[in-house]
>>> print(open('final-v6.txt').read())   # compact mmCIF, C-alpha atoms
# COMPACT_ATOMS: atom_id res chain seq x y z
CA MET A 1 -13.75 0.22 18.12
CA VAL A 2 -13.22 -2.04 15.14
CA ASN A 3 -9.88 -1.51 13.52
CA ARG A 4 -11.11 -0.38 10.13
CA GLN A 5 -10.07 2.77 8.37
CA PRO A 6 -12.96 4.47 6.60
CA VAL A 7 -11.88 6.52 3.58
CA GLY A 8 -13.70 8.26 0.74
CA ALA A 9 -14.87 11.57 2.20
CA HIS A 10 -15.69 12.89 -1.30
CA TYR A 11 -14.30 16.34 -0.77
CA GLY A 12 -10.94 17.97 -1.17
CA LEU A 13 -11.02 19.13 -4.78
CA LYS A 14 -12.81 22.38 -3.95
CA ASP A 15 -10.37 23.14 -1.15
CA TRP A 16 -7.44 22.35 -3.40
CA ILE A 17 -8.69 24.76 -6.07
CA ALA A 18 -9.64 27.38 -3.46
CA GLN A 19 -6.16 27.24 -1.94
CA ARG A 20 -4.64 28.01 -5.34
CA ALA A 21 -7.23 30.64 -6.30
CA THR A 22 -6.85 32.50 -3.00
CA ALA A 23 -3.05 32.39 -3.36
CA VAL A 24 -3.28 33.97 -6.82
CA TYR A 25 -5.66 36.65 -5.57
CA MET A 26 -3.42 37.46 -2.59
CA ALA A 27 -0.39 37.76 -4.88
CA LEU A 28 -2.25 40.11 -7.23
CA PHE A 29 -3.65 42.20 -4.39
CA THR A 30 -0.20 42.50 -2.79
CA VAL A 31 1.11 44.05 -6.01
CA LEU A 32 -1.90 46.38 -6.25
CA PHE A 33 -1.55 47.36 -2.61
CA ALA A 34 2.18 48.06 -2.97
CA VAL A 35 1.54 50.24 -6.04
CA CYS A 36 -1.24 52.17 -4.27
CA VAL A 37 0.90 52.77 -1.17
CA VAL A 38 3.87 53.95 -3.24
CA ALA A 39 1.56 56.25 -5.21
CA LEU A 40 0.25 57.96 -2.03
CA PRO A 41 0.94 61.72 -2.06
CA ASP A 42 2.52 61.50 1.41
CA PHE A 43 2.84 58.94 4.19
CA SER A 44 0.37 60.56 6.58
CA TYR A 45 -2.57 58.97 8.35
CA ALA A 46 -4.94 61.13 6.31
CA SER A 47 -3.74 59.82 2.95
CA TRP A 48 -3.54 56.25 4.33
CA SER A 49 -7.15 56.30 5.52
CA GLY A 50 -8.08 58.16 2.32
CA LEU A 51 -6.94 55.09 0.40
CA PHE A 52 -9.54 53.01 2.24
CA LYS A 53 -12.33 55.54 1.73
CA SER A 54 -12.83 54.15 -1.76
CA GLY A 55 -15.47 51.43 -1.65
CA VAL A 56 -13.69 49.38 -4.31
CA PHE A 57 -10.40 49.37 -2.41
CA ARG A 58 -12.16 48.49 0.81
CA PHE A 59 -13.96 45.65 -0.95
CA LEU A 60 -10.71 44.37 -2.53
CA SER A 61 -8.95 44.58 0.84
CA PHE A 62 -11.71 42.67 2.55
CA LEU A 63 -11.58 40.07 -0.21
CA PHE A 64 -7.85 39.79 0.48
CA PHE A 65 -8.51 39.03 4.13
CA LEU A 66 -11.20 36.51 3.28
CA SER A 67 -8.75 34.83 0.88
CA LEU A 68 -6.08 34.85 3.57
CA PHE A 69 -8.39 33.24 6.13
CA TYR A 70 -9.73 30.62 3.73
CA HIS A 71 -6.18 29.84 2.62
CA ALA A 72 -5.10 29.61 6.25
CA TRP A 73 -8.05 27.37 7.08
CA ILE A 74 -6.99 24.79 4.48
CA GLY A 75 -3.33 25.02 5.45
CA VAL A 76 -3.87 24.76 9.19
CA ARG A 77 -6.45 21.99 8.74
CA ASP A 78 -3.85 20.09 6.70
CA ILE A 79 -1.42 20.36 9.60
CA TRP A 80 -4.01 18.99 12.04
CA MET A 81 -4.83 16.18 9.58
CA ASP A 82 -1.17 15.25 9.24
CA TYR A 83 -0.03 15.37 12.83
CA VAL A 84 -3.01 14.99 15.16
CA LYS A 85 -4.27 11.41 15.25
CA PRO A 86 -7.05 11.26 17.89
CA THR A 87 -10.26 12.16 16.08
CA GLY A 88 -11.75 14.07 19.04
CA VAL A 89 -8.69 16.26 19.48
CA ARG A 90 -8.52 16.86 15.73
CA LEU A 91 -12.17 17.85 15.54
CA ALA A 92 -11.71 20.21 18.48
CA LEU A 93 -8.68 21.82 16.82
CA HIS A 94 -10.61 22.15 13.53
CA LEU A 95 -13.40 23.95 15.34
CA VAL A 96 -11.08 26.25 17.28
CA THR A 97 -9.28 27.16 14.02
CA LEU A 98 -12.57 27.73 12.23
CA PHE A 99 -14.01 29.94 14.97
CA LEU A 100 -10.79 31.94 15.22
CA LEU A 101 -10.65 32.55 11.47
CA VAL A 102 -14.33 33.55 11.27
CA GLY A 103 -13.71 35.89 14.20
CA TYR A 104 -10.68 37.35 12.45
CA ALA A 105 -12.76 37.94 9.31
CA GLY A 106 -15.32 39.91 11.35
CA TRP A 107 -12.55 41.81 13.05
CA ALA A 108 -10.90 42.62 9.67
CA ALA A 109 -14.23 44.01 8.40
CA GLN A 110 -14.61 46.15 11.50
CA ILE A 111 -11.09 47.56 11.10
CA LEU A 112 -11.46 48.20 7.36
CA TRP A 113 -14.76 50.04 7.71
CA ARG A 114 -13.51 52.06 10.66
CA LEU A 115 -10.51 53.50 8.81
CA MET B 1 40.40 -2.24 -10.50
CA THR B 2 41.98 -4.40 -7.82
CA LYS B 3 40.55 -5.57 -4.53
CA ARG B 4 39.33 -2.84 -2.19
CA THR B 5 37.76 -2.59 1.23
CA VAL B 6 34.48 -0.77 1.79
CA GLN B 7 33.23 0.47 5.17
CA PHE B 8 29.59 0.06 6.14
CA LYS B 9 27.33 1.25 8.91
CA ILE B 10 24.28 -0.98 8.85
CA TYR B 11 21.01 -0.93 10.76
CA ARG B 12 20.65 -4.24 12.57
CA TYR B 13 17.61 -5.54 14.36
CA ASP B 14 16.59 -9.09 15.07
CA PRO B 15 13.42 -8.97 17.20
CA ASP B 16 14.16 -12.47 18.54
CA LYS B 17 17.55 -11.43 19.93
CA ASP B 18 17.88 -7.67 20.12
CA GLU B 19 16.05 -5.49 22.57
CA LYS B 20 16.32 -2.54 20.20
CA PRO B 21 17.89 -1.73 16.84
CA TYR B 22 21.53 -0.69 16.62
CA MET B 23 24.01 0.42 13.93
CA GLN B 24 26.77 -2.05 13.15
CA ASP B 25 30.14 -0.97 11.77
CA ILE B 26 31.43 -3.56 9.37
CA SER B 27 33.82 -3.64 6.43
CA VAL B 28 34.04 -5.99 3.51
CA GLU B 29 36.67 -6.75 0.89
CA LEU B 30 35.38 -6.50 -2.66
CA GLU B 31 36.59 -8.16 -5.82
CA ALA B 32 37.29 -6.17 -8.95
CA SER B 33 34.03 -7.37 -10.48
CA ASP B 34 31.89 -5.99 -7.62
CA LYS B 35 30.32 -2.82 -9.00
CA LYS B 36 26.98 -2.37 -7.30
CA LEU B 37 25.96 -2.00 -3.68
CA LEU B 38 24.11 -5.31 -3.90
CA ASP B 39 27.38 -7.09 -4.83
CA ALA B 40 28.88 -5.75 -1.60
CA LEU B 41 25.84 -6.81 0.42
CA VAL B 42 26.08 -10.33 -0.97
CA ARG B 43 29.74 -10.42 0.12
CA LEU B 44 28.71 -9.06 3.52
CA ARG B 45 26.18 -11.80 3.97
CA ALA B 46 28.81 -14.38 3.07
CA LYS B 47 30.81 -12.94 5.96
CA ASP B 48 27.90 -12.63 8.41
CA ASP B 49 24.95 -14.82 7.45
CA SER B 50 22.68 -13.29 10.09
CA MET B 51 22.45 -10.11 8.01
CA SER B 52 19.06 -9.95 6.32
CA PHE B 53 17.93 -8.09 3.24
CA ARG B 54 15.65 -8.80 0.28
CA ARG B 55 16.99 -9.25 -3.21
CA SER B 56 16.02 -11.14 -6.29
CA CYS B 57 16.69 -10.10 -9.87
CA ARG B 58 19.77 -7.93 -9.14
CA GLU B 59 19.02 -5.71 -12.14
CA GLY B 60 16.43 -3.16 -11.05
CA VAL B 61 13.36 -5.03 -12.25
CA CYS B 62 11.95 -6.83 -9.20
CA GLY B 63 12.18 -3.93 -6.75
CA SER B 64 13.11 -6.16 -3.80
CA ASP B 65 16.30 -4.52 -2.59
CA ALA B 66 15.01 -1.02 -1.91
CA MET B 67 16.68 0.50 1.14
CA ASN B 68 17.81 3.80 2.58
CA ILE B 69 21.35 4.34 1.29
CA ASN B 70 23.30 7.20 2.87
CA GLY B 71 19.99 8.84 3.74
CA LYS B 72 18.32 8.45 0.35
CA ASN B 73 16.05 5.63 -0.75
CA GLY B 74 17.26 3.57 -3.69
CA LEU B 75 17.83 0.10 -5.08
CA ALA B 76 21.04 -1.57 -3.95
CA CYS B 77 21.37 -3.34 -7.30
CA LEU B 78 21.34 -0.07 -9.28
CA THR B 79 23.61 1.94 -6.98
CA ASP B 80 27.30 2.12 -7.85
CA ILE B 81 29.46 1.47 -4.79
CA ASP B 82 32.01 3.99 -5.98
CA SER B 83 29.40 6.76 -6.10
CA LEU B 84 28.79 6.42 -2.34
CA GLN B 85 30.54 8.19 0.46
CA GLN B 86 31.99 5.85 3.12
CA PRO B 87 31.06 4.57 5.57
CA ILE B 88 28.01 3.60 3.54
CA THR B 89 25.05 3.93 5.90
CA LEU B 90 22.26 1.47 5.19
CA ARG B 91 18.89 1.58 6.88
CA PRO B 92 15.55 -0.06 6.10
CA LEU B 93 13.02 1.99 4.13
CA PRO B 94 11.73 4.69 6.49
CA GLY B 95 8.19 4.69 7.82
CA LEU B 96 7.40 0.99 7.48
CA PRO B 97 7.60 -1.53 10.34
CA VAL B 98 10.94 -3.39 10.38
CA ILE B 99 10.74 -7.16 10.29
CA ARG B 100 14.46 -7.73 10.58
CA ASP B 101 17.58 -5.72 9.63
CA LEU B 102 16.90 -4.18 6.20
CA ILE B 103 13.61 -6.03 5.64
CA VAL B 104 10.42 -4.05 6.15
CA ASP B 105 6.77 -5.05 6.31
CA MET B 106 5.25 -3.77 3.04
CA THR B 107 1.63 -4.72 3.91
CA GLN B 108 0.45 -1.12 4.24
CA PHE B 109 2.14 -0.15 0.99
CA PHE B 110 0.48 -2.95 -0.98
CA LYS B 111 -2.85 -2.35 0.73
CA GLN B 112 -2.82 1.17 -0.68
CA TYR B 113 -1.75 -0.17 -4.09
CA HIS B 114 -4.64 -2.63 -4.14
CA SER B 115 -7.09 0.05 -3.03
CA ILE B 116 -6.85 1.81 -6.39
CA LYS B 117 -7.84 -1.35 -8.33
CA PRO B 118 -4.59 -1.81 -10.25
CA TYR B 119 -6.17 -3.68 -13.14
CA LEU B 120 -8.09 -2.82 -16.29
CA VAL B 121 -11.86 -2.63 -15.83
CA ASN B 122 -13.68 -3.18 -19.10
CA ASN B 123 -17.12 -4.74 -19.25
CA ASP B 124 -17.30 -5.13 -23.04
CA PRO B 125 -16.88 -8.68 -24.30
CA PRO B 126 -13.22 -9.19 -25.14
CA PRO B 127 -12.48 -8.93 -28.86
CA GLU B 128 -10.98 -11.88 -30.68
CA ARG B 129 -7.42 -10.61 -30.51
CA GLU B 130 -6.83 -7.62 -28.24
CA ARG B 131 -8.25 -4.28 -27.14
CA LEU B 132 -6.64 -1.74 -29.43
CA GLN B 133 -5.29 1.71 -28.69
CA THR B 134 -3.99 4.41 -31.00
CA PRO B 135 -0.25 5.06 -30.73
CA GLU B 136 -1.05 8.47 -29.16
CA ASP B 137 -3.26 6.89 -26.49
CA ARG B 138 -0.59 4.30 -25.80
CA GLU B 139 2.00 7.07 -25.50
CA GLU B 140 0.19 8.43 -22.42
CA LEU B 141 1.00 5.22 -20.51
CA ASN B 142 4.73 5.72 -20.86
CA GLY B 143 6.30 6.73 -17.58
CA LEU B 144 3.43 5.06 -15.70
CA TYR B 145 3.50 1.34 -16.37
CA GLU B 146 7.23 0.97 -15.65
CA CYS B 147 6.77 1.20 -11.86
CA ILE B 148 8.27 -1.84 -10.11
CA LEU B 149 6.62 -1.19 -6.71
CA CYS B 150 9.90 -0.99 -4.83
CA ALA B 151 8.32 1.55 -2.43
CA CYS B 152 11.30 3.95 -2.59
CA CYS B 153 8.91 6.82 -3.39
CA SER B 154 6.12 6.18 -0.91
CA THR B 155 8.57 5.64 1.96
CA SER B 156 10.34 8.92 1.19
CA CYS B 157 7.05 10.83 1.31
CA PRO B 158 6.28 12.57 4.64
CA SER B 159 2.56 12.50 3.86
CA PHE B 160 2.81 8.70 3.60
CA TRP B 161 4.82 8.53 6.84
CA TRP B 162 2.10 10.42 8.74
CA ASN B 163 -0.91 8.70 7.15
CA PRO B 164 0.11 5.38 5.56
CA ASP B 165 -3.35 4.02 6.34
CA LYS B 166 -5.20 6.83 4.54
CA PHE B 167 -2.91 8.42 1.94
CA VAL B 168 -2.52 6.26 -1.16
CA GLY B 169 1.06 7.42 -1.62
CA PRO B 170 3.01 8.24 -4.78
CA ALA B 171 3.37 4.65 -6.01
CA GLY B 172 -0.34 3.94 -5.63
CA LEU B 173 -1.32 7.23 -7.23
CA LEU B 174 1.04 6.68 -10.16
CA ALA B 175 -0.66 3.32 -10.71
CA ALA B 176 -4.06 4.98 -10.28
CA TYR B 177 -3.26 7.41 -13.07
CA ARG B 178 -1.91 4.58 -15.21
CA PHE B 179 -5.47 3.17 -15.30
CA LEU B 180 -7.20 6.56 -15.44
CA ALA B 181 -5.10 7.36 -18.50
CA ASP B 182 -5.84 4.05 -20.20
CA THR B 183 -8.39 4.47 -22.99
CA ARG B 184 -9.37 0.80 -22.66
CA ASP B 185 -10.52 1.29 -19.06
CA GLN B 186 -14.20 2.01 -18.38
CA ASP B 187 -14.06 2.72 -14.67
CA THR B 188 -12.80 6.31 -14.82
CA ASN B 189 -15.59 7.89 -12.77
CA ALA B 190 -15.47 5.29 -10.02
CA ARG B 191 -11.69 5.61 -9.92
CA LEU B 192 -11.92 9.39 -9.51
CA ASP B 193 -14.65 8.97 -6.85
CA ASN B 194 -12.36 6.58 -5.01
CA LEU B 195 -9.60 9.17 -4.90
CA GLU B 196 -11.65 12.29 -4.19
CA ASP B 197 -10.75 12.47 -0.56
CA PRO B 198 -8.68 14.93 1.48
CA TYR B 199 -6.50 12.06 2.66
CA ARG B 200 -6.31 9.61 -0.23
CA LEU B 201 -5.20 12.09 -2.89
CA PHE B 202 -4.96 15.58 -1.43
CA ARG B 203 -2.31 14.75 1.20
CA CYS B 204 0.14 15.23 -1.68
CA HIS B 205 1.65 18.70 -1.44
CA SER B 206 3.96 18.21 -4.43
CA ILE B 207 7.24 18.25 -2.53
CA MET B 208 8.57 15.78 -5.11
CA ASN B 209 10.63 13.53 -2.80
CA CYS B 210 9.13 10.70 -4.84
CA VAL B 211 10.56 12.05 -8.09
CA ASP B 212 13.92 12.57 -6.43
CA VAL B 213 14.30 8.94 -5.37
CA CYS B 214 12.52 6.91 -8.07
CA PRO B 215 15.15 4.42 -9.33
CA LYS B 216 13.23 4.06 -12.60
CA GLY B 217 13.20 7.82 -13.22
CA LEU B 218 9.40 8.07 -13.04
CA ASN B 219 7.46 11.14 -11.99
CA PRO B 220 4.58 10.38 -9.58
CA THR B 221 4.09 14.09 -8.85
CA ARG B 222 3.23 14.73 -12.51
CA ALA B 223 0.80 11.80 -12.49
CA ILE B 224 -0.84 13.13 -9.30
CA GLY B 225 -1.15 16.54 -10.97
CA LYS B 226 -2.88 14.88 -13.92
CA ILE B 227 -5.33 13.11 -11.60
CA LYS B 228 -6.19 16.51 -10.07
CA ASP B 229 -6.55 17.89 -13.61
CA MET B 230 -9.03 15.15 -14.46
CA MET B 231 -11.01 15.91 -11.31
CA VAL B 232 -11.11 19.60 -12.15
CA ARG B 233 -12.22 18.84 -15.72
CA ARG B 234 -14.94 16.58 -14.35
CA ALA B 235 -16.18 19.14 -11.81
CA ILE B 236 -15.90 22.48 -13.60
>>> encode(input="final-v6.txt", output="structure tokens")
Amino acid sequence: MVNRQPVGAHYGLKDWIAQRATAVYMALFTVLFAVCVVALPDFSYASWSGLFKSGVFRFLSFLFFLSLFYHAWIGVRDIWMDYVKPTGVRLALHLVTLFLLVGYAGWAAQILWRL
Amino acid sequence: MTKRTVQFKIYRYDPDKDEKPYMQDISVELEASDKKLLDALVRLRAKDDSMSFRRSCREGVCGSDAMNINGKNGLACLTDIDSLQQPITLRPLPGLPVIRDLIVDMTQFFKQYHSIKPYLVNNDPPPERERLQTPEDREELNGLYECILCACCSTSCPSFWWNPDKFVGPAGLLAAYRFLADTRDQDTNARLDNLEDPYRLFRCHSIMNCVDVCPKGLNPTRAIGKIKDMMVRRAI
């Protein structure tokens, strides 16, 4: 292959903003979650699952997991971009990461709506 | 101060003679007038003329004598000998190919610098005297134009070590912002397009090694933040 380095992918800004936005949301949700857990009447399974019966809380929790996975996607992708040089291997790792995270998101939904 | 002896541990590599690089222990006697590391290096070379390093202005303006001094990048001509712990360990700038001893091949560094078009782009016919700026607009260029391209910052940046061919690096990005911030420049959009890339700009994770080592006290991380700000303002 010719030894030329193509650059100028014209993306990155959205990911950069998303990484920050998801971090802020996760920080806020962690505080909310801690407050809700402390405010539980007792530490039984019934009150724990009762917390997730509320649609709003379930939604906010799911949003937390989506934020976590999107945040993780950008972070892990950055690691592959930094340290893995062969394009084929990097692409494969990107795809594995992406599939795993999408799978995790589905799994998180299943768990949340089962509680 | 009278004469004193200083101990050195210096990275030596001559590709014509040495199979691989090695560290040489050497000491040198300094005169009372020798204040800076560069003074000691000049004395060292008088003792062993095979020792190679770059130097020119000897006052922190040309940026030739950047090297890794006791593990931290800096200019030999601006570093006080007495501030350094002995033996003073000198290595070439990290991450760039070594040509010989303390001399590195800066091609990749300058390639990145050139890639951001480090010159004013203005298609209006030049006025009779000069293109004017308000004092406030001129103020924005302070802390940007002073860069001497010594490469201390870029070669202390892990993102530049891993991707010197793709990441512009702190020096290049500082220069990029110098022209983005210039009210006389008309190429702002193209400049931002050129940098909107996960490698070229967004490899910077603001670890601020560049700020830590800059011998001119500049802040590339802040400039990179301002480039990102401009991109956000353009997109949102």
>>> closest_residue(input="final-v6.txt", among="B:Arg234, B:Lys166, B:Lys228, B:His205", to="Val7 (chain A)", atoms="all atoms listed in the file")
B:Lys166
>>> closest_atom_pairs(input="final-v6.txt", of="chain A", to="chain B", cutoff="12 Å", atoms="all atoms listed in the file", output="Markdown table")
| residue | atom | partner | partner_atom | distance |
| --- | --- | --- | --- | --- |
| A:Asn3 | CA | B:Asp165 | CA | 11.2 |
| A:Arg4 | CA | B:Asp165 | CA | 9.7 |
| A:Gln5 | CA | B:Asp165 | CA | 7.1 |
| A:Pro6 | CA | B:Lys166 | CA | 8.4 |
| A:Val7 | CA | B:Lys166 | CA | 6.8 |
| A:Gly8 | CA | B:Asp197 | CA | 5.3 |
| A:Ala9 | CA | B:Asp197 | CA | 5.0 |
| A:His10 | CA | B:Glu196 | CA | 5.0 |
| A:Tyr11 | CA | B:Asp197 | CA | 5.3 |
| A:Gly12 | CA | B:Pro198 | CA | 4.6 |
| A:Leu13 | CA | B:Glu196 | CA | 6.9 |
| A:Lys14 | CA | B:Val232 | CA | 8.8 |
| A:Asp15 | CA | B:Pro198 | CA | 8.8 |
| A:Trp16 | CA | B:Phe202 | CA | 7.5 |
| A:Ile17 | CA | B:Val232 | CA | 8.3 |
| A:Ala18 | CA | B:Val232 | CA | 11.8 |
| A:Gln19 | CA | B:His205 | CA | 11.6 |
| A:Arg20 | CA | B:His205 | CA | 11.9 |
| A:Ile74 | CA | B:Pro198 | CA | 10.4 |
| A:Gly75 | CA | B:His205 | CA | 10.6 |
| A:Arg77 | CA | B:Pro198 | CA | 10.4 |
| A:Asp78 | CA | B:Arg203 | CA | 7.8 |
| A:Ile79 | CA | B:Arg203 | CA | 10.1 |
| A:Trp80 | CA | B:Trp162 | CA | 11.0 |
| A:Met81 | CA | B:Tyr199 | CA | 8.2 |
| A:Asp82 | CA | B:Trp162 | CA | 5.9 |
| A:Tyr83 | CA | B:Trp162 | CA | 6.8 |
| A:Val84 | CA | B:Trp162 | CA | 9.4 |
| A:Lys85 | CA | B:Trp162 | CA | 9.2 |
>>> residues_around(input="final-v6.txt", residues="Leu132 (chain B)", least_positions_apart="6", cutoff="10 Å", atoms="only C-alpha atoms", output="PyMOL selection string")
chain B and resi 138+183-184
>>> residues_around(input="final-v6.txt", residues="region 7-22 of chain B", least_positions_apart="5", cutoff="10 Å", atoms="only C-alpha atoms", output="short mmCIF file (atom, residue, chain, number, x, y, z; two decimals) with C-alpha atoms, in the coordinates of the input")
data_model
loop_
_atom_site.label_atom_id
_atom_site.label_comp_id
_atom_site.auth_asym_id
_atom_site.auth_seq_id
_atom_site.Cartn_x
_atom_site.Cartn_y
_atom_site.Cartn_z
CA SER B 27 33.82 -3.64 6.43
CA VAL B 28 34.04 -5.99 3.51
CA GLU B 29 36.67 -6.75 0.89
CA ALA B 40 28.88 -5.75 -1.60
CA LEU B 41 25.84 -6.81 0.42
CA LEU B 44 28.71 -9.06 3.52
CA SER B 50 22.68 -13.29 10.09
CA MET B 51 22.45 -10.11 8.01
CA SER B 52 19.06 -9.95 6.32
CA ASN B 68 17.81 3.80 2.58
CA ILE B 69 21.35 4.34 1.29
CA ASN B 70 23.30 7.20 2.87
CA GLN B 85 30.54 8.19 0.46
CA GLN B 86 31.99 5.85 3.12
CA PRO B 87 31.06 4.57 5.57
CA ILE B 88 28.01 3.60 3.54
CA THR B 89 25.05 3.93 5.90
CA LEU B 90 22.26 1.47 5.19
CA ARG B 91 18.89 1.58 6.88
CA PRO B 92 15.55 -0.06 6.10
CA VAL B 98 10.94 -3.39 10.38
CA ILE B 99 10.74 -7.16 10.29
CA ARG B 100 14.46 -7.73 10.58
CA ASP B 101 17.58 -5.72 9.63
CA LEU B 102 16.90 -4.18 6.20
CA ILE B 103 13.61 -6.03 5.64
#
>>> axis_aligned_box(input="final-v6.txt", around="region 171-189 of chain B", padding_each_side="8 Å", output="AutoDock Vina command-line options")
--center_x -6.1 --center_y 4.3 --center_z -14.3 --size_x 35.0 --size_y 23.1 --size_z 33.4
>>> build_atoms(input="final-v6.txt", residues="region 32-52 of chain B", atoms="N, CA and C atoms", output="PDB file, in the coordinates of the input")
ATOM      1  N   ALA B  32      37.317  -7.177  -7.881  1.00  0.00           N
ATOM      2  CA  ALA B  32      37.290  -6.170  -8.950  1.00  0.00           C
ATOM      3  C   ALA B  32      35.952  -6.146  -9.674  1.00  0.00           C
ATOM      4  N   SER B  33      35.287  -7.303  -9.724  1.00  0.00           N
ATOM      5  CA  SER B  33      34.030  -7.370 -10.480  1.00  0.00           C
ATOM      6  C   SER B  33      32.834  -6.811  -9.697  1.00  0.00           C
ATOM      7  N   ASP B  34      33.012  -6.491  -8.425  1.00  0.00           N
ATOM      8  CA  ASP B  34      31.890  -5.990  -7.620  1.00  0.00           C
ATOM      9  C   ASP B  34      31.667  -4.507  -7.900  1.00  0.00           C
ATOM     10  N   LYS B  35      30.570  -4.213  -8.581  1.00  0.00           N
ATOM     11  CA  LYS B  35      30.320  -2.820  -9.000  1.00  0.00           C
ATOM     12  C   LYS B  35      29.202  -2.174  -8.192  1.00  0.00           C
ATOM     13  N   LYS B  36      28.179  -2.950  -7.907  1.00  0.00           N
ATOM     14  CA  LYS B  36      26.980  -2.370  -7.300  1.00  0.00           C
ATOM     15  C   LYS B  36      26.930  -2.649  -5.808  1.00  0.00           C
ATOM     16  N   LEU B  37      26.111  -1.838  -5.114  1.00  0.00           N
ATOM     17  CA  LEU B  37      25.960  -2.000  -3.680  1.00  0.00           C
ATOM     18  C   LEU B  37      25.487  -3.413  -3.336  1.00  0.00           C
ATOM     19  N   LEU B  38      24.619  -3.968  -4.182  1.00  0.00           N
ATOM     20  CA  LEU B  38      24.110  -5.310  -3.900  1.00  0.00           C
ATOM     21  C   LEU B  38      25.248  -6.342  -3.897  1.00  0.00           C
ATOM     22  N   ASP B  39      26.227  -6.176  -4.810  1.00  0.00           N
ATOM     23  CA  ASP B  39      27.380  -7.090  -4.830  1.00  0.00           C
ATOM     24  C   ASP B  39      28.065  -7.079  -3.463  1.00  0.00           C
ATOM     25  N   ALA B  40      28.218  -5.870  -2.902  1.00  0.00           N
ATOM     26  CA  ALA B  40      28.880  -5.750  -1.600  1.00  0.00           C
ATOM     27  C   ALA B  40      28.036  -6.383  -0.505  1.00  0.00           C
ATOM     28  N   LEU B  41      26.711  -6.224  -0.601  1.00  0.00           N
ATOM     29  CA  LEU B  41      25.840  -6.810   0.420  1.00  0.00           C
ATOM     30  C   LEU B  41      25.890  -8.332   0.376  1.00  0.00           C
ATOM     31  N   VAL B  42      25.983  -8.868  -0.835  1.00  0.00           N
ATOM     32  CA  VAL B  42      26.080 -10.330  -0.970  1.00  0.00           C
ATOM     33  C   VAL B  42      27.372 -10.811  -0.317  1.00  0.00           C
ATOM     34  N   ARG B  43      28.457 -10.058  -0.533  1.00  0.00           N
ATOM     35  CA  ARG B  43      29.740 -10.420   0.120  1.00  0.00           C
ATOM     36  C   ARG B  43      29.623 -10.311   1.640  1.00  0.00           C
ATOM     37  N   LEU B  44      28.898  -9.255   2.076  1.00  0.00           N
ATOM     38  CA  LEU B  44      28.710  -9.060   3.520  1.00  0.00           C
ATOM     39  C   LEU B  44      27.970 -10.237   4.134  1.00  0.00           C
ATOM     40  N   ARG B  45      26.979 -10.705   3.417  1.00  0.00           N
ATOM     41  CA  ARG B  45      26.180 -11.800   3.970  1.00  0.00           C
ATOM     42  C   ARG B  45      27.006 -13.090   4.013  1.00  0.00           C
ATOM     43  N   ALA B  46      27.932 -13.212   3.052  1.00  0.00           N
ATOM     44  CA  ALA B  46      28.810 -14.380   3.070  1.00  0.00           C
ATOM     45  C   ALA B  46      29.679 -14.349   4.335  1.00  0.00           C
ATOM     46  N   LYS B  47      29.960 -13.116   4.775  1.00  0.00           N
ATOM     47  CA  LYS B  47      30.810 -12.940   5.960  1.00  0.00           C
ATOM     48  C   LYS B  47      29.990 -13.124   7.239  1.00  0.00           C
ATOM     49  N   ASP B  48      28.770 -12.580   7.233  1.00  0.00           N
ATOM     50  CA  ASP B  48      27.900 -12.630   8.410  1.00  0.00           C
ATOM     51  C   ASP B  48      26.504 -13.045   7.940  1.00  0.00           C
ATOM     52  N   ASP B  49      26.206 -14.335   8.060  1.00  0.00           N
ATOM     53  CA  ASP B  49      24.950 -14.820   7.450  1.00  0.00           C
ATOM     54  C   ASP B  49      23.709 -14.463   8.265  1.00  0.00           C
ATOM     55  N   SER B  50      23.878 -13.711   9.355  1.00  0.00           N
ATOM     56  CA  SER B  50      22.680 -13.290  10.090  1.00  0.00           C
ATOM     57  C   SER B  50      22.122 -11.996   9.497  1.00  0.00           C
ATOM     58  N   MET B  51      22.876 -11.378   8.597  1.00  0.00           N
ATOM     59  CA  MET B  51      22.450 -10.110   8.010  1.00  0.00           C
ATOM     60  C   MET B  51      21.327 -10.352   6.994  1.00  0.00           C
ATOM     61  N   SER B  52      20.206  -9.659   7.193  1.00  0.00           N
ATOM     62  CA  SER B  52      19.060  -9.950   6.320  1.00  0.00           C
ATOM     63  C   SER B  52      18.702  -8.770   5.425  1.00  0.00           C
TER      64      SER B  52
END
